[in-house]
file upload-v5.cif (mmCIF, C-alpha atoms and all ligand atoms)
data_run
#
loop_
_atom_site.label_atom_id
_atom_site.label_comp_id
_atom_site.auth_asym_id
_atom_site.auth_seq_id
_atom_site.Cartn_x
_atom_site.Cartn_y
_atom_site.Cartn_z
CA MET A 1 -24.12 -24.58 7.49
CA SER A 2 -25.19 -26.59 10.54
CA LYS A 3 -26.74 -24.76 13.47
CA LEU A 4 -24.56 -24.15 16.54
CA LYS A 5 -25.70 -26.06 19.60
CA THR A 6 -25.22 -24.16 22.81
CA LEU A 7 -24.29 -25.87 26.07
CA ASN A 8 -27.75 -25.14 27.46
CA GLU A 9 -29.43 -26.73 24.44
CA PHE A 10 -27.14 -29.72 24.78
CA ILE A 11 -27.94 -30.12 28.48
CA ALA A 12 -31.67 -29.87 27.79
CA GLU A 13 -31.37 -32.64 25.18
CA ARG A 14 -29.24 -34.96 27.28
CA GLN A 15 -31.31 -35.71 30.34
CA GLU A 16 -29.61 -39.13 30.62
CA ASP A 17 -26.47 -37.21 31.60
CA PHE A 18 -28.25 -35.99 34.69
CA PRO A 19 -29.43 -39.05 36.56
CA PHE A 20 -30.90 -37.11 39.46
CA ALA A 21 -32.75 -34.95 36.99
CA THR A 22 -34.07 -32.37 39.38
CA GLY A 23 -31.99 -29.67 37.73
CA GLU A 24 -29.37 -29.13 40.42
CA LEU A 25 -26.48 -30.66 38.54
CA SER A 26 -27.20 -28.67 35.41
CA GLY A 27 -27.55 -25.64 37.72
CA ILE A 28 -24.02 -26.23 39.02
CA LEU A 29 -22.70 -26.52 35.48
CA ASN A 30 -24.41 -23.26 34.74
CA ASP A 31 -22.73 -21.66 37.77
CA ILE A 32 -19.38 -22.90 36.45
CA VAL A 33 -20.13 -21.44 33.03
CA VAL A 34 -20.95 -18.03 34.50
CA ALA A 35 -17.86 -17.94 36.72
CA SER A 36 -15.56 -19.16 33.96
CA LYS A 37 -16.81 -16.50 31.54
CA ILE A 38 -15.93 -13.84 34.11
CA ILE A 39 -12.51 -15.43 34.71
CA ASN A 40 -12.00 -15.70 30.96
CA ARG A 41 -12.62 -11.97 30.66
CA GLU A 42 -9.96 -11.23 33.28
CA VAL A 43 -7.48 -13.76 31.86
CA ASN A 44 -7.87 -12.19 28.43
CA LYS A 45 -6.87 -8.77 29.68
CA ALA A 46 -4.23 -9.99 32.12
CA GLY A 47 -1.49 -8.28 30.16
CA LEU A 48 -3.28 -4.96 30.43
CA ALA A 49 -4.60 -4.84 33.92
CA ASP A 50 -2.88 -4.37 37.22
CA ILE A 51 -4.35 -7.74 38.15
CA LEU A 52 -1.30 -9.28 36.52
CA GLY A 53 1.33 -10.61 38.88
CA SER A 54 1.66 -11.87 42.39
CA ALA A 55 -0.76 -11.13 45.23
CA GLN A 56 2.20 -11.38 47.63
CA SER A 57 0.51 -14.07 49.68
CA GLU A 58 1.12 -17.79 49.88
CA ASN A 59 -1.37 -20.66 49.74
CA ILE A 60 -1.18 -23.74 51.96
CA GLN A 61 1.37 -25.40 49.67
CA GLY A 62 3.70 -22.42 50.14
CA GLU A 63 3.38 -21.37 46.52
CA THR A 64 3.03 -17.73 45.69
CA GLN A 65 -0.58 -17.02 44.77
CA GLN A 66 -1.11 -15.08 41.61
CA LYS A 67 -3.74 -12.35 41.79
CA LEU A 68 -5.81 -14.16 39.20
CA ASP A 69 -5.75 -17.33 41.34
CA VAL A 70 -7.35 -15.39 44.16
CA PHE A 71 -9.80 -13.66 41.83
CA ALA A 72 -10.86 -16.96 40.25
CA ASP A 73 -11.21 -18.64 43.65
CA GLU A 74 -13.42 -15.83 44.97
CA GLN A 75 -15.49 -15.83 41.80
CA PHE A 76 -16.28 -19.53 42.06
CA ILE A 77 -17.03 -19.36 45.77
CA HIS A 78 -19.38 -16.43 45.26
CA THR A 79 -21.16 -18.12 42.36
CA PHE A 80 -21.61 -21.45 44.15
CA LYS A 81 -22.71 -19.80 47.37
CA SER A 82 -25.45 -17.87 45.66
CA GLY A 83 -26.44 -20.77 43.38
CA GLY A 84 -28.03 -22.86 46.15
CA GLU A 85 -27.19 -26.31 44.77
CA VAL A 86 -23.83 -26.58 46.54
CA CYS A 87 -23.45 -26.85 50.34
CA GLY A 88 -19.67 -26.38 50.39
CA ILE A 89 -16.49 -26.22 48.40
CA ALA A 90 -12.83 -27.15 48.67
CA SER A 91 -10.21 -25.48 46.53
CA GLU A 92 -6.49 -25.29 46.04
CA GLU A 93 -6.46 -21.76 47.39
CA ASN A 94 -8.13 -22.48 50.75
CA ASP A 95 -6.44 -24.38 53.56
CA ASP A 96 -9.74 -25.85 54.71
CA PHE A 97 -13.03 -26.55 52.97
CA VAL A 98 -15.68 -23.83 53.07
CA ALA A 99 -19.11 -24.86 54.36
CA PHE A 100 -21.71 -22.36 53.23
CA ASP A 101 -23.82 -21.20 56.16
CA ASN A 102 -26.70 -19.55 54.34
CA GLU A 103 -30.05 -21.41 54.53
CA ILE A 104 -30.38 -22.11 50.80
CA SER A 105 -26.88 -23.62 50.57
CA LYS A 106 -27.37 -25.87 53.60
CA ASN A 107 -30.05 -27.62 51.55
CA GLY A 108 -27.71 -28.06 48.58
CA LYS A 109 -27.14 -31.70 47.65
CA TYR A 110 -23.65 -31.34 46.25
CA VAL A 111 -20.10 -30.29 47.05
CA VAL A 112 -17.58 -29.06 44.51
CA ALA A 113 -13.78 -29.30 44.63
CA PHE A 114 -11.83 -27.14 42.23
CA ASP A 115 -8.51 -25.75 41.14
CA PRO A 116 -9.58 -22.23 40.20
CA LEU A 117 -6.55 -21.59 38.02
CA ASP A 118 -4.29 -24.40 36.97
CA GLY A 119 -0.92 -23.65 35.43
CA SER A 120 -0.94 -20.23 36.97
CA SER A 121 2.81 -19.73 36.53
CA ASN A 122 1.87 -19.35 32.85
CA ILE A 123 -0.36 -16.31 33.43
CA ASP A 124 2.42 -13.77 33.15
CA VAL A 125 3.67 -15.20 29.87
CA ASN A 126 0.40 -15.53 27.96
CA VAL A 127 0.37 -19.33 27.88
CA SER A 128 -2.72 -21.53 28.33
CA ILE A 129 -4.16 -22.00 31.82
CA GLY A 130 -7.31 -23.68 33.08
CA THR A 131 -9.89 -24.38 35.76
CA ILE A 132 -10.58 -27.92 37.00
CA PHE A 133 -13.76 -28.97 38.83
CA SER A 134 -15.11 -32.09 40.50
CA ILE A 135 -18.68 -32.56 41.76
CA TYR A 136 -19.84 -35.02 44.44
CA ARG A 137 -23.16 -35.73 46.12
CA ARG A 138 -22.82 -34.80 49.77
CA ILE A 139 -22.66 -37.49 52.44
CA SER A 140 -23.70 -35.24 55.31
CA LYS A 141 -27.39 -34.67 55.99
CA ILE A 142 -29.23 -32.14 53.87
CA GLY A 143 -30.08 -29.10 55.98
CA ASN A 144 -26.78 -29.23 57.87
CA GLN A 145 -23.48 -27.65 56.94
CA ALA A 146 -21.06 -29.61 54.76
CA ASN A 147 -18.38 -31.57 56.61
CA ILE A 148 -14.98 -33.05 55.74
CA GLU A 149 -16.46 -36.47 54.83
CA ASP A 150 -18.26 -34.82 51.92
CA PHE A 151 -14.89 -34.00 50.36
CA LEU A 152 -12.87 -37.11 51.22
CA GLN A 153 -14.74 -39.35 48.79
CA LYS A 154 -12.91 -41.50 46.28
CA GLY A 155 -12.72 -40.25 42.72
CA ASN A 156 -15.05 -42.96 41.50
CA ALA A 157 -17.85 -41.31 43.51
CA GLN A 158 -17.70 -38.19 41.31
CA VAL A 159 -21.01 -37.38 39.61
CA ALA A 160 -19.46 -34.90 37.21
CA ALA A 161 -16.10 -33.34 36.48
CA GLY A 162 -14.49 -31.15 33.90
CA TYR A 163 -12.21 -28.34 33.03
CA VAL A 164 -12.14 -25.00 31.31
CA ILE A 165 -9.10 -24.18 29.22
CA TYR A 166 -8.26 -20.54 28.58
CA GLY A 167 -6.15 -21.06 25.48
CA SER A 168 -6.12 -19.76 21.93
CA SER A 169 -9.82 -20.33 22.34
CA THR A 170 -11.72 -20.97 25.57
CA MET A 171 -13.25 -24.40 25.98
CA LEU A 172 -15.32 -26.24 28.56
CA VAL A 173 -14.95 -30.03 28.62
CA TYR A 174 -17.04 -32.11 31.01
CA THR A 175 -18.37 -35.54 31.82
CA THR A 176 -21.23 -36.82 33.94
CA GLY A 177 -20.19 -40.42 33.35
CA ASN A 178 -21.77 -40.72 29.90
CA GLY A 179 -18.78 -39.81 27.74
CA VAL A 180 -16.96 -36.52 27.35
CA ASN A 181 -18.11 -33.48 25.43
CA GLY A 182 -16.28 -30.25 24.62
CA PHE A 183 -17.72 -26.78 24.05
CA THR A 184 -15.91 -23.76 22.64
CA LEU A 185 -16.80 -20.26 23.78
CA ASP A 186 -17.98 -18.18 20.86
CA PRO A 187 -17.00 -14.69 22.05
CA SER A 188 -19.35 -13.01 19.57
CA ILE A 189 -22.43 -14.46 21.29
CA GLY A 190 -20.89 -15.24 24.70
CA GLU A 191 -22.02 -18.88 24.59
CA PHE A 192 -20.22 -22.19 24.88
CA CYS A 193 -21.13 -24.18 21.74
CA LEU A 194 -20.71 -27.90 21.13
CA SER A 195 -17.49 -28.26 19.13
CA HIS A 196 -16.04 -31.61 20.29
CA PRO A 197 -18.88 -34.14 20.74
CA ASP A 198 -18.06 -37.48 22.34
CA ILE A 199 -14.31 -36.98 22.76
CA GLN A 200 -12.34 -40.24 22.53
CA VAL A 201 -8.66 -40.20 23.36
CA PRO A 202 -6.78 -42.04 20.58
CA GLU A 203 -5.79 -45.52 21.77
CA ASN A 204 -2.17 -44.77 20.99
CA GLY A 205 -0.16 -41.60 20.45
CA SER A 206 3.28 -40.16 19.95
CA ILE A 207 3.41 -37.32 22.48
CA TYR A 208 4.81 -37.63 25.99
CA SER A 209 4.47 -34.88 28.59
CA ILE A 210 6.68 -34.90 31.65
CA ASN A 211 9.01 -32.42 33.35
CA GLU A 212 12.12 -34.13 32.10
CA GLY A 213 14.33 -31.68 33.95
CA ASN A 214 13.67 -33.83 37.01
CA LEU A 215 14.63 -37.08 35.25
CA GLU A 216 17.49 -37.92 37.59
CA ALA A 217 15.12 -37.87 40.55
CA PHE A 218 12.46 -40.11 38.95
CA PRO A 219 11.97 -43.81 39.81
CA ASP A 220 13.72 -46.33 37.53
CA ALA A 221 10.46 -47.40 35.84
CA ILE A 222 9.74 -43.81 34.73
CA ARG A 223 13.31 -43.26 33.55
CA SER A 224 13.07 -46.46 31.52
CA TYR A 225 9.77 -45.34 30.00
CA VAL A 226 11.25 -41.94 29.07
CA ALA A 227 14.15 -43.79 27.40
CA HIS A 228 11.54 -45.86 25.52
CA CYS A 229 9.86 -42.64 24.32
CA LYS A 230 13.17 -41.57 22.79
CA GLU A 231 13.59 -44.78 20.82
CA THR A 232 12.26 -44.95 17.29
CA HIS A 233 8.71 -46.28 16.99
CA ASP A 234 6.57 -47.57 14.13
CA ASP A 235 6.87 -44.28 12.23
CA LYS A 236 10.70 -44.48 12.58
CA LYS A 237 10.73 -41.48 14.91
CA PRO A 238 10.97 -40.98 18.66
CA TYR A 239 7.92 -39.60 20.43
CA SER A 240 7.67 -35.82 20.72
CA LEU A 241 8.10 -34.23 24.13
CA ARG A 242 5.48 -31.55 24.75
CA TYR A 243 5.25 -29.96 28.21
CA ILE A 244 3.39 -26.72 28.85
CA GLY A 245 3.52 -26.88 32.64
CA SER A 246 -0.24 -26.51 32.85
CA MET A 247 -1.89 -29.87 33.49
CA VAL A 248 -5.15 -28.82 31.87
CA ALA A 249 -3.44 -27.72 28.67
CA ASP A 250 -1.07 -30.69 28.52
CA LEU A 251 -3.87 -33.17 29.10
CA HIS A 252 -6.28 -31.40 26.76
CA ARG A 253 -3.78 -31.66 23.92
CA ASN A 254 -3.07 -35.32 24.67
CA LEU A 255 -6.79 -36.07 24.90
CA ILE A 256 -7.36 -34.73 21.41
CA LYS A 257 -4.15 -35.87 19.72
CA GLY A 258 -3.25 -38.95 21.76
CA GLY A 259 -0.42 -38.95 24.26
CA ILE A 260 0.65 -39.58 27.81
CA PHE A 261 0.95 -37.14 30.73
CA ILE A 262 3.14 -38.10 33.67
CA TYR A 263 3.85 -36.36 36.96
CA PRO A 264 5.66 -39.08 38.89
CA SER A 265 6.90 -39.46 42.41
CA SER A 266 10.51 -38.42 42.71
CA ALA A 267 13.32 -38.07 45.16
CA LEU A 268 12.28 -34.41 45.37
CA ALA A 269 8.56 -35.07 45.90
CA PRO A 270 7.65 -38.60 47.07
CA ASN A 271 3.98 -38.24 46.08
CA GLY A 272 4.58 -36.10 43.04
CA LYS A 273 3.14 -32.60 42.95
CA LEU A 274 -0.41 -32.82 41.73
CA ARG A 275 -3.37 -32.87 44.08
CA LEU A 276 -5.72 -35.84 44.14
CA LEU A 277 -8.97 -34.07 45.02
CA TYR A 278 -9.13 -31.17 42.61
CA GLU A 279 -6.54 -31.97 39.94
CA CYS A 280 -6.05 -35.71 39.47
CA ASN A 281 -9.50 -37.18 40.19
CA PRO A 282 -11.43 -34.88 37.86
CA MET A 283 -8.87 -35.26 35.07
CA ALA A 284 -8.86 -39.04 35.64
CA PHE A 285 -12.67 -39.12 35.30
CA ILE A 286 -12.42 -37.25 31.98
CA VAL A 287 -9.56 -39.42 30.67
CA GLU A 288 -11.30 -42.68 31.58
CA GLN A 289 -14.62 -41.53 30.16
CA ALA A 290 -12.76 -40.74 26.92
CA GLY A 291 -11.39 -44.31 26.81
CA GLY A 292 -7.96 -43.68 28.34
CA ILE A 293 -6.31 -44.83 31.55
CA ALA A 294 -5.46 -42.81 34.67
CA SER A 295 -3.14 -44.54 37.14
CA ASP A 296 -0.92 -43.59 40.05
CA GLY A 297 1.54 -46.25 38.87
CA ALA A 298 -0.01 -49.01 40.97
CA MET A 299 -3.78 -48.54 40.83
CA PRO A 300 -6.45 -46.41 39.19
CA ILE A 301 -6.32 -42.81 40.44
CA MET A 302 -10.04 -42.85 41.15
CA GLU A 303 -9.67 -45.75 43.59
CA ALA A 304 -7.15 -43.93 45.78
CA GLU A 305 -8.22 -43.21 49.37
CA LEU A 306 -8.41 -39.55 50.33
CA ASN A 307 -7.07 -38.67 53.74
CA SER A 308 -6.71 -34.93 53.36
CA LEU A 309 -7.90 -32.17 51.07
CA HIS A 310 -4.51 -31.26 49.62
CA GLN A 311 -3.08 -34.76 49.34
CA ARG A 312 -0.75 -35.32 46.40
CA ILE A 313 -0.50 -38.38 44.16
CA PRO A 314 1.74 -39.44 41.26
CA VAL A 315 -0.08 -39.60 37.90
CA ILE A 316 0.33 -41.46 34.62
CA MET A 317 -2.61 -40.79 32.33
CA GLY A 318 -3.68 -40.63 28.71
CA SER A 319 -3.86 -42.97 25.72
CA LYS A 320 -4.56 -46.55 26.77
CA LYS A 321 -1.66 -48.23 25.01
CA MET A 322 0.88 -45.63 26.08
CA VAL A 323 -0.15 -45.85 29.75
CA GLU A 324 -0.13 -49.66 29.62
CA LYS A 325 3.38 -49.54 28.19
CA ALA A 326 4.54 -47.08 30.86
CA LEU A 327 3.07 -49.28 33.62
CA SER A 328 4.78 -52.37 32.18
CA PHE A 329 8.16 -50.96 33.27
CA ASN A 330 7.04 -51.32 36.91
CA SER A 331 7.27 -55.09 36.83
P1 LIG A 401 -1.20 -24.81 39.81
O1 LIG A 401 -0.91 -23.67 38.89
O2 LIG A 401 -2.67 -25.01 40.01
O3 LIG A 401 -0.43 -24.77 41.09
O4 LIG A 401 -0.76 -26.18 39.08
C1 LIG A 401 0.46 -26.27 38.44
C2 LIG A 401 0.73 -27.72 38.22
C3 LIG A 401 0.18 -28.31 36.93
O5 LIG A 401 -0.68 -27.55 36.21
C4 LIG A 401 1.40 -28.62 36.13
O6 LIG A 401 1.20 -29.81 35.42
C5 LIG A 401 2.49 -28.72 37.13
O7 LIG A 401 2.14 -27.88 38.19
C6 LIG A 401 3.82 -28.32 36.62
O8 LIG A 401 4.77 -28.53 37.60
P2 LIG A 401 6.35 -28.48 37.32
O9 LIG A 401 6.69 -27.05 37.07
O10 LIG A 401 6.96 -29.04 38.56
O11 LIG A 401 6.61 -29.36 36.11
MN MN A 402 -3.21 -26.92 39.36
MN MN A 403 -4.09 -23.60 40.75
#
call {"tool": "encode", "arguments": {"input": "upload-v5.cif", "output": "structure tokens"}}
result
Amino acid sequence: MSKLKTLNEFIAERQEDFPFATGELSGILNDIVVASKIINREVNKAGLADILGSAQSENIQGETQQKLDVFADEQFIHTFKSGGEVCGIASEENDDFVAFDNEISKNGKYVVAFDPLDGSSNIDVNVSIGTIFSIYRRISKIGNQANIEDFLQKGNAQVAAGYVIYGSSTMLVYTTGNGVNGFTLDPSIGEFCLSHPDIQVPENGSIYSINEGNLEAFPDAIRSYVAHCKETHDDKKPYSLRYIGSMVADLHRNLIKGGIFIYPSSALAPNGKLRLLYECNPMAFIVEQAGGIASDGAMPIMEAELNSLHQRIPVIMGSKKMVEKALSFNS
């Protein structure tokens, strides 16, 4: 039996993953691990505890916040604030970014953007949810408080990104720009262990993930691609539609099995629904590092300009050949 490799052992071995090897970036990953283990504990007992259900407040997008959204958000903020490597954060659950004002944080070199719980409408029904994170080097001067410029960087400036999926098992998947690695939480020892080294998204696949209920409102190119998915392919079958309604879970499956994930613009939502800063850019970084493509339909997601923290963008991402085919309907 081969020995389990813990995330910490992996990080210690892979110094090339941490180009500014002064330990801060691995410190941030460690903060994320600690917070996600605590969130995992709460998610696991969501059906038991009173924490289940709505907090009766709304976030900036006017969506009802689930109690676990708020819990997860607070947990990450607390962990980053006390960690010292991060000078500020932006998250789905906060209208504005949070600049940490304690002395140690003002000297932090990084900012983190995150979606503390993604797919949170699935909490009440025991279906997979996730956390998405994106790490940037700050632009503002060390020693000062973080400012908005630190967060409005293009996706291709990310130094690391990843997600945690709270599914039938809990996994952490991340990249620092040297490929993608996945770690599964072994609950018996409380450690994330390397389970999916060097994840490569299959070049082609037979799964498409889109909220087809909105088909009538989608642009012609997307409707044509969906029609293409329903035609028979090389294996004499149409593609399978799989849609969890949790971007992390849908993309995680497609990353491992091959597939395409689409949240397009529509007559209902001209820029789609998903947020560029803390949903699309980090997932795009992962997908591209795994050999896939992440596009907004016209250009790579990670080249999109950011004008505001909660800006939305259409997404088409996943297996290279599937995304290329989907984009070919644009012309
Ligand atoms: P969140 O729970 O963070 O608000 O994100 C939900 C997102 C995403 O995870 C998912 O892909 C999408 O909403 C589903 O939206 P529809 O219900 O419109 O398909
Ligand atoms: Mn989300
Ligand atoms: Mn969320």
call {"tool": "residues_near_ligand", "arguments": {"input": "upload-v5.cif", "ligand": "ligand MN 403 (chain A)", "cutoff": "9 Å", "atoms": "all atoms listed in the file", "output": "list in words"}}
result
Gln65, Asp69, Ser91, Glu92, Glu93, Phe114, Asp115, Pro116, Leu117, Asp118, Gly119, Ser120, Ser121, Gly130, Thr131, Ile132 and Glu279 of chain A
call {"tool": "axis_aligned_box", "arguments": {"input": "upload-v5.cif", "around": "ligand LIG 401 (chain A)", "padding_each_side": "3 Å", "output": "lines of an AutoDock Vina configuration file"}}
result
center_x = 2.1
center_y = -26.7
center_z = 38.3
size_x = 15.6
size_y = 12.1
size_z = 11.7
call {"tool": "residues_around", "arguments": {"input": "upload-v5.cif", "residues": "Gly213 of chain A", "least_positions_apart": "6", "cutoff": "12 Å", "atoms": "all atoms listed in the file", "output": "PyMOL selection string"}}
result
chain A and resi 223+226+241+243+245+263+266+268
call {"tool": "write_last_selection", "arguments": {"input": "upload-v5.cif", "atoms": "C-alpha atoms", "output": "CSV table (one decimal), in the coordinates of the input"}}
result
chain,number,residue,atom,x,y,z
A,223,ARG,CA,13.3,-43.3,33.6
A,226,VAL,CA,11.2,-41.9,29.1
A,241,LEU,CA,8.1,-34.2,24.1
A,243,TYR,CA,5.2,-30.0,28.2
A,245,GLY,CA,3.5,-26.9,32.6
A,263,TYR,CA,3.8,-36.4,37.0
A,266,SER,CA,10.5,-38.4,42.7
A,268,LEU,CA,12.3,-34.4,45.4
call {"tool": "residues_around", "arguments": {"input": "upload-v5.cif", "residues": "Ile301 of chain A", "least_positions_apart": "2", "cutoff": "8 Å", "atoms": "only C-alpha atoms", "output": "number ranges by chain"}}
result
A: 155, 276, 280-281, 284, 294-296, 299, 303-304, 315
call {"tool": "closest_residue", "arguments": {"input": "upload-v5.cif", "among": "A:Ser224, A:Gln61, A:Asn307, A:Asn102", "to": "ligand MN 402 (chain A)", "atoms": "all atoms listed in the file"}}
result
A:Gln61
call {"tool": "residues_around", "arguments": {"input": "upload-v5.cif", "residues": "segment 167-170 of chain A", "least_positions_apart": "2", "cutoff": "12 Å", "atoms": "only C-alpha atoms", "output": "ChimeraX atom specification"}}
result
/A:33,36-41,43-44,119,122-123,126-131,163-165,172-173,182-187,190-193,195,244,246,248-250,252-253
